[in-house]
$ cat coords_4.pdb   # PDB, C-alpha atoms
MODEL        1
ATOM      1  CA  MET A   9       6.414 -49.871 -43.940  1.00  0.00           C
ATOM      2  CA  GLY A  10       3.967 -47.241 -45.155  1.00  0.00           C
ATOM      3  CA  GLU A  11       3.594 -43.666 -44.001  1.00  0.00           C
ATOM      4  CA  THR A  12       6.617 -41.670 -42.811  1.00  0.00           C
ATOM      5  CA  LEU A  13       6.563 -40.451 -39.215  1.00  0.00           C
ATOM      6  CA  LYS A  14       6.502 -36.727 -38.539  1.00  0.00           C
ATOM      7  CA  PRO A  15       8.870 -35.324 -35.893  1.00  0.00           C
ATOM      8  CA  CYS A  16       7.791 -34.943 -32.275  1.00  0.00           C
ATOM      9  CA  PRO A  17       5.078 -32.258 -32.051  1.00  0.00           C
ATOM     10  CA  PHE A  18       6.700 -30.806 -28.927  1.00  0.00           C
ATOM     11  CA  CYS A  19      10.464 -30.776 -29.503  1.00  0.00           C
ATOM     12  CA  GLY A  20      10.770 -31.571 -33.229  1.00  0.00           C
ATOM     13  CA  LYS A  21      13.123 -34.531 -32.755  1.00  0.00           C
ATOM     14  CA  PRO A  22      12.640 -37.811 -34.656  1.00  0.00           C
ATOM     15  CA  PRO A  23      10.333 -40.308 -32.913  1.00  0.00           C
ATOM     16  CA  VAL A  24      11.152 -43.935 -32.171  1.00  0.00           C
ATOM     17  CA  GLU A  25       8.838 -46.671 -33.401  1.00  0.00           C
ATOM     18  CA  ARG A  26       8.629 -49.930 -31.468  1.00  0.00           C
ATOM     19  CA  ARG A  27       6.692 -53.181 -31.660  1.00  0.00           C
ATOM     20  CA  ILE A  28       6.070 -54.483 -28.166  1.00  0.00           C
ATOM     21  CA  VAL A  29       5.410 -58.180 -27.615  1.00  0.00           C
ATOM     22  CA  GLU A  30       4.601 -59.308 -24.081  1.00  0.00           C
ATOM     23  CA  MET A  31       4.650 -63.021 -23.369  1.00  0.00           C
ATOM     24  CA  TYR A  32       2.518 -64.327 -20.529  1.00  0.00           C
ATOM     25  CA  PRO A  33       3.641 -67.250 -18.393  1.00  0.00           C
ATOM     26  CA  ALA A  34       1.483 -70.329 -18.089  1.00  0.00           C
ATOM     27  CA  ASP A  35      -0.931 -70.273 -15.181  1.00  0.00           C
ATOM     28  CA  ALA A  36      -4.193 -71.913 -14.204  1.00  0.00           C
ATOM     29  CA  ASP A  37      -6.187 -69.883 -16.757  1.00  0.00           C
ATOM     30  CA  TRP A  38      -3.838 -69.646 -19.754  1.00  0.00           C
ATOM     31  CA  PRO A  39      -1.457 -72.047 -21.482  1.00  0.00           C
ATOM     32  CA  ALA A  40       2.180 -71.064 -22.041  1.00  0.00           C
ATOM     33  CA  GLY A  41       2.844 -68.960 -25.120  1.00  0.00           C
ATOM     34  CA  GLU A  42      -0.051 -66.489 -24.885  1.00  0.00           C
ATOM     35  CA  TYR A  43       1.064 -62.979 -25.798  1.00  0.00           C
ATOM     36  CA  ASP A  44      -0.048 -59.423 -26.451  1.00  0.00           C
ATOM     37  CA  ALA A  45       1.498 -57.315 -29.219  1.00  0.00           C
ATOM     38  CA  HIS A  46       1.116 -53.632 -30.029  1.00  0.00           C
ATOM     39  CA  TYR A  47       2.968 -50.745 -31.645  1.00  0.00           C
ATOM     40  CA  THR A  48       4.212 -47.602 -29.971  1.00  0.00           C
ATOM     41  CA  ILE A  49       5.664 -44.365 -31.276  1.00  0.00           C
ATOM     42  CA  ALA A  50       7.532 -42.263 -28.762  1.00  0.00           C
ATOM     43  CA  CYS A  51       9.815 -39.313 -28.334  1.00  0.00           C
ATOM     44  CA  ASP A  52      12.499 -40.515 -25.965  1.00  0.00           C
ATOM     45  CA  ASP A  53      13.513 -36.891 -25.370  1.00  0.00           C
ATOM     46  CA  CYS A  54      10.085 -35.576 -24.260  1.00  0.00           C
ATOM     47  CA  GLY A  55       8.704 -38.837 -22.898  1.00  0.00           C
ATOM     48  CA  ILE A  56       5.507 -38.601 -24.954  1.00  0.00           C
ATOM     49  CA  ASP A  57       4.267 -41.851 -26.461  1.00  0.00           C
ATOM     50  CA  MET A  58       1.191 -43.429 -27.952  1.00  0.00           C
ATOM     51  CA  GLY A  59       0.287 -46.935 -28.912  1.00  0.00           C
ATOM     52  CA  ASP A  60      -2.252 -49.048 -30.744  1.00  0.00           C
ATOM     53  CA  GLU A  61      -2.758 -52.638 -31.760  1.00  0.00           C
ATOM     54  CA  TYR A  62      -2.253 -51.723 -35.432  1.00  0.00           C
ATOM     55  CA  ARG A  63       0.735 -49.841 -36.831  1.00  0.00           C
ATOM     56  CA  ASP A  64      -1.326 -47.873 -39.371  1.00  0.00           C
ATOM     57  CA  GLU A  65      -3.540 -46.511 -36.587  1.00  0.00           C
ATOM     58  CA  VAL A  66      -0.713 -45.387 -34.319  1.00  0.00           C
ATOM     59  CA  VAL A  67       1.159 -43.763 -37.233  1.00  0.00           C
ATOM     60  CA  ALA A  68      -1.992 -41.904 -38.346  1.00  0.00           C
ATOM     61  CA  ASN A  69      -2.623 -40.712 -34.774  1.00  0.00           C
ATOM     62  CA  TRP A  70       1.003 -39.628 -34.290  1.00  0.00           C
ATOM     63  CA  ASN A  71       1.062 -37.726 -37.571  1.00  0.00           C
ATOM     64  CA  ARG A  72      -2.272 -36.001 -36.977  1.00  0.00           C
ATOM     65  CA  ARG A  73      -1.592 -32.388 -36.160  1.00  0.00           C
ATOM     66  CA  ALA A  74      -4.122 -29.826 -35.124  1.00  0.00           C
ATOM     67  CA  LYS A  75      -3.568 -26.536 -36.880  1.00  0.00           C
ATOM     68  CA  PRO A  76      -2.729 -23.915 -34.273  1.00  0.00           C
ATOM     69  CA  VAL A  77      -5.228 -21.137 -33.830  1.00  0.00           C
ATOM     70  CA  LEU A  78      -3.318 -17.905 -34.132  1.00  0.00           C
ATOM     71  CA  LYS A  79      -4.915 -14.872 -32.626  1.00  0.00           C
ATOM     72  CA  ARG A  80      -3.469 -11.442 -33.100  1.00  0.00           C
ATOM     73  CA  VAL A  81      -3.332  -9.591 -29.805  1.00  0.00           C
ATOM     74  CA  GLU A  82      -2.774  -5.881 -29.777  1.00  0.00           C
ATOM     75  CA  ARG A  83      -0.418  -4.870 -27.004  1.00  0.00           C
ATOM     76  CA  GLN A  84      -1.582  -2.150 -24.694  1.00  0.00           C
ATOM     77  CA  PRO A  85       0.837   0.118 -22.827  1.00  0.00           C
ATOM     78  CA  LEU A  86       1.082  -0.481 -19.091  1.00  0.00           C
ATOM     79  CA  HIS A  87      -0.074   2.517 -17.050  1.00  0.00           C
ATOM     80  CA  ILE A  88       1.052   2.766 -13.443  1.00  0.00           C
ATOM     81  CA  ASP A  89      -0.711   5.165 -11.168  1.00  0.00           C
ATOM     82  CA  ASP A  90       1.993   6.748  -8.983  1.00  0.00           C
ATOM     83  CA  ASP A  91      -0.565   7.230  -6.189  1.00  0.00           C
ATOM     84  CA  SER A  92      -0.950   3.428  -5.832  1.00  0.00           C
ATOM     85  CA  LEU A  93       2.787   2.865  -5.265  1.00  0.00           C
ATOM     86  CA  PRO A  94       4.236   2.743  -1.743  1.00  0.00           C
ATOM     87  CA  ALA A  95       6.150   5.778  -0.512  1.00  0.00           C
ATOM     88  CA  GLY A  96       9.469   6.018  -2.302  1.00  0.00           C
ATOM     89  CA  GLY A  97       8.078   5.003  -5.711  1.00  0.00           C
ATOM     90  CA  ALA A  98       8.563   1.739  -7.551  1.00  0.00           C
ATOM     91  CA  ASN A  99      11.915   0.982  -5.869  1.00  0.00           C
ATOM     92  CA  GLY A 100      10.291   1.281  -2.474  1.00  0.00           C
TER      93      GLY A 100
ENDMDL
END
$ encode --input "coords_4.pdb" --output "structure tokens"
Amino acid sequence: MGETLKPCPFCGKPPVERRIVEMYPADADWPAGEYDAHYTIACDDCGIDMGDEYRDEVVANWNRRAKPVLKRVERQPLHIDDDSLPAGGANG
């Protein structure tokens, strides 16, 4: 079946792969037996899903992960000006 699926990018749980086939009833424009088929990969826990006509495409898209941009932030101490507090201080 090809490439292995990575876990859900949000919760880390294993995804579920499905092949969806929708049959259309006969009507004035289409004969009986017409259908549409596609693949989906979903996390049933988070509710995220994606689909494509071709399995290889949906697997590649699911497994594509953007590398997070990590930015170091230096914490600054919080300074409270006692003059800006209501009478009675912080507990009011």
$ residues_around --input "coords_4.pdb" --residues "Cys54 of chain A" --least-positions-apart "6" --cutoff "10 Å" --atoms "all atoms listed in the file" --output "list in words"
Cys16, Pro17, Phe18, Cys19, Gly20, Lys21 and Pro23 of chain A
$ atom_distance --input "coords_4.pdb" --atom1 "atom CA of Thr48 of chain A" --atom2 "atom CA of Ile28 of chain A"
7.4 Å
$ residues_around --input "coords_4.pdb" --residues "Tyr62 of chain A" --least-positions-apart "6" --cutoff "12 Å" --atoms "only C-alpha atoms" --output "ChimeraX atom specification"
/A:26-28,45-49,68-69
$ atom_distance --input "coords_4.pdb" --atom1 "atom CA of Tyr43 of chain A" --atom2 "atom CA of Val29 of chain A"
6.7 Å
$ closest_residue --input "coords_4.pdb" --among "A:His87, A:Arg73, A:Arg63, A:Arg80" --to "Pro15 of chain A" --atoms "only C-alpha atoms"
A:Arg73
$ atom_distance --input "coords_4.pdb" --atom1 "atom CA of Gly55 of chain A" --atom2 "atom CA of Leu13 of chain A"
16.5 Å
$ residues_near_point --input "coords_4.pdb" --point "(-4.2, -43.7, -27.3)" --cutoff "10 Å" --atoms "only C-alpha atoms" --output "list in words"
Thr48, Asp57, Met58, Gly59, Asp60, Glu65, Val66, Asn69 and Trp70 of chain A
$ axis_aligned_box --input "coords_4.pdb" --around "segment 77-85 of chain A" --padding-each-side "5 Å" --output "JSON"
{"center_x": -2.2, "center_y": -10.5, "center_z": -28.5, "size_x": 16.1, "size_y": 31.3, "size_z": 21.3}
$ closest_residue --input "coords_4.pdb" --among "A:Ile88, A:Val67, A:Val81, A:Cys51" --to "Pro22 of chain A" --atoms "only C-alpha atoms"
A:Cys51
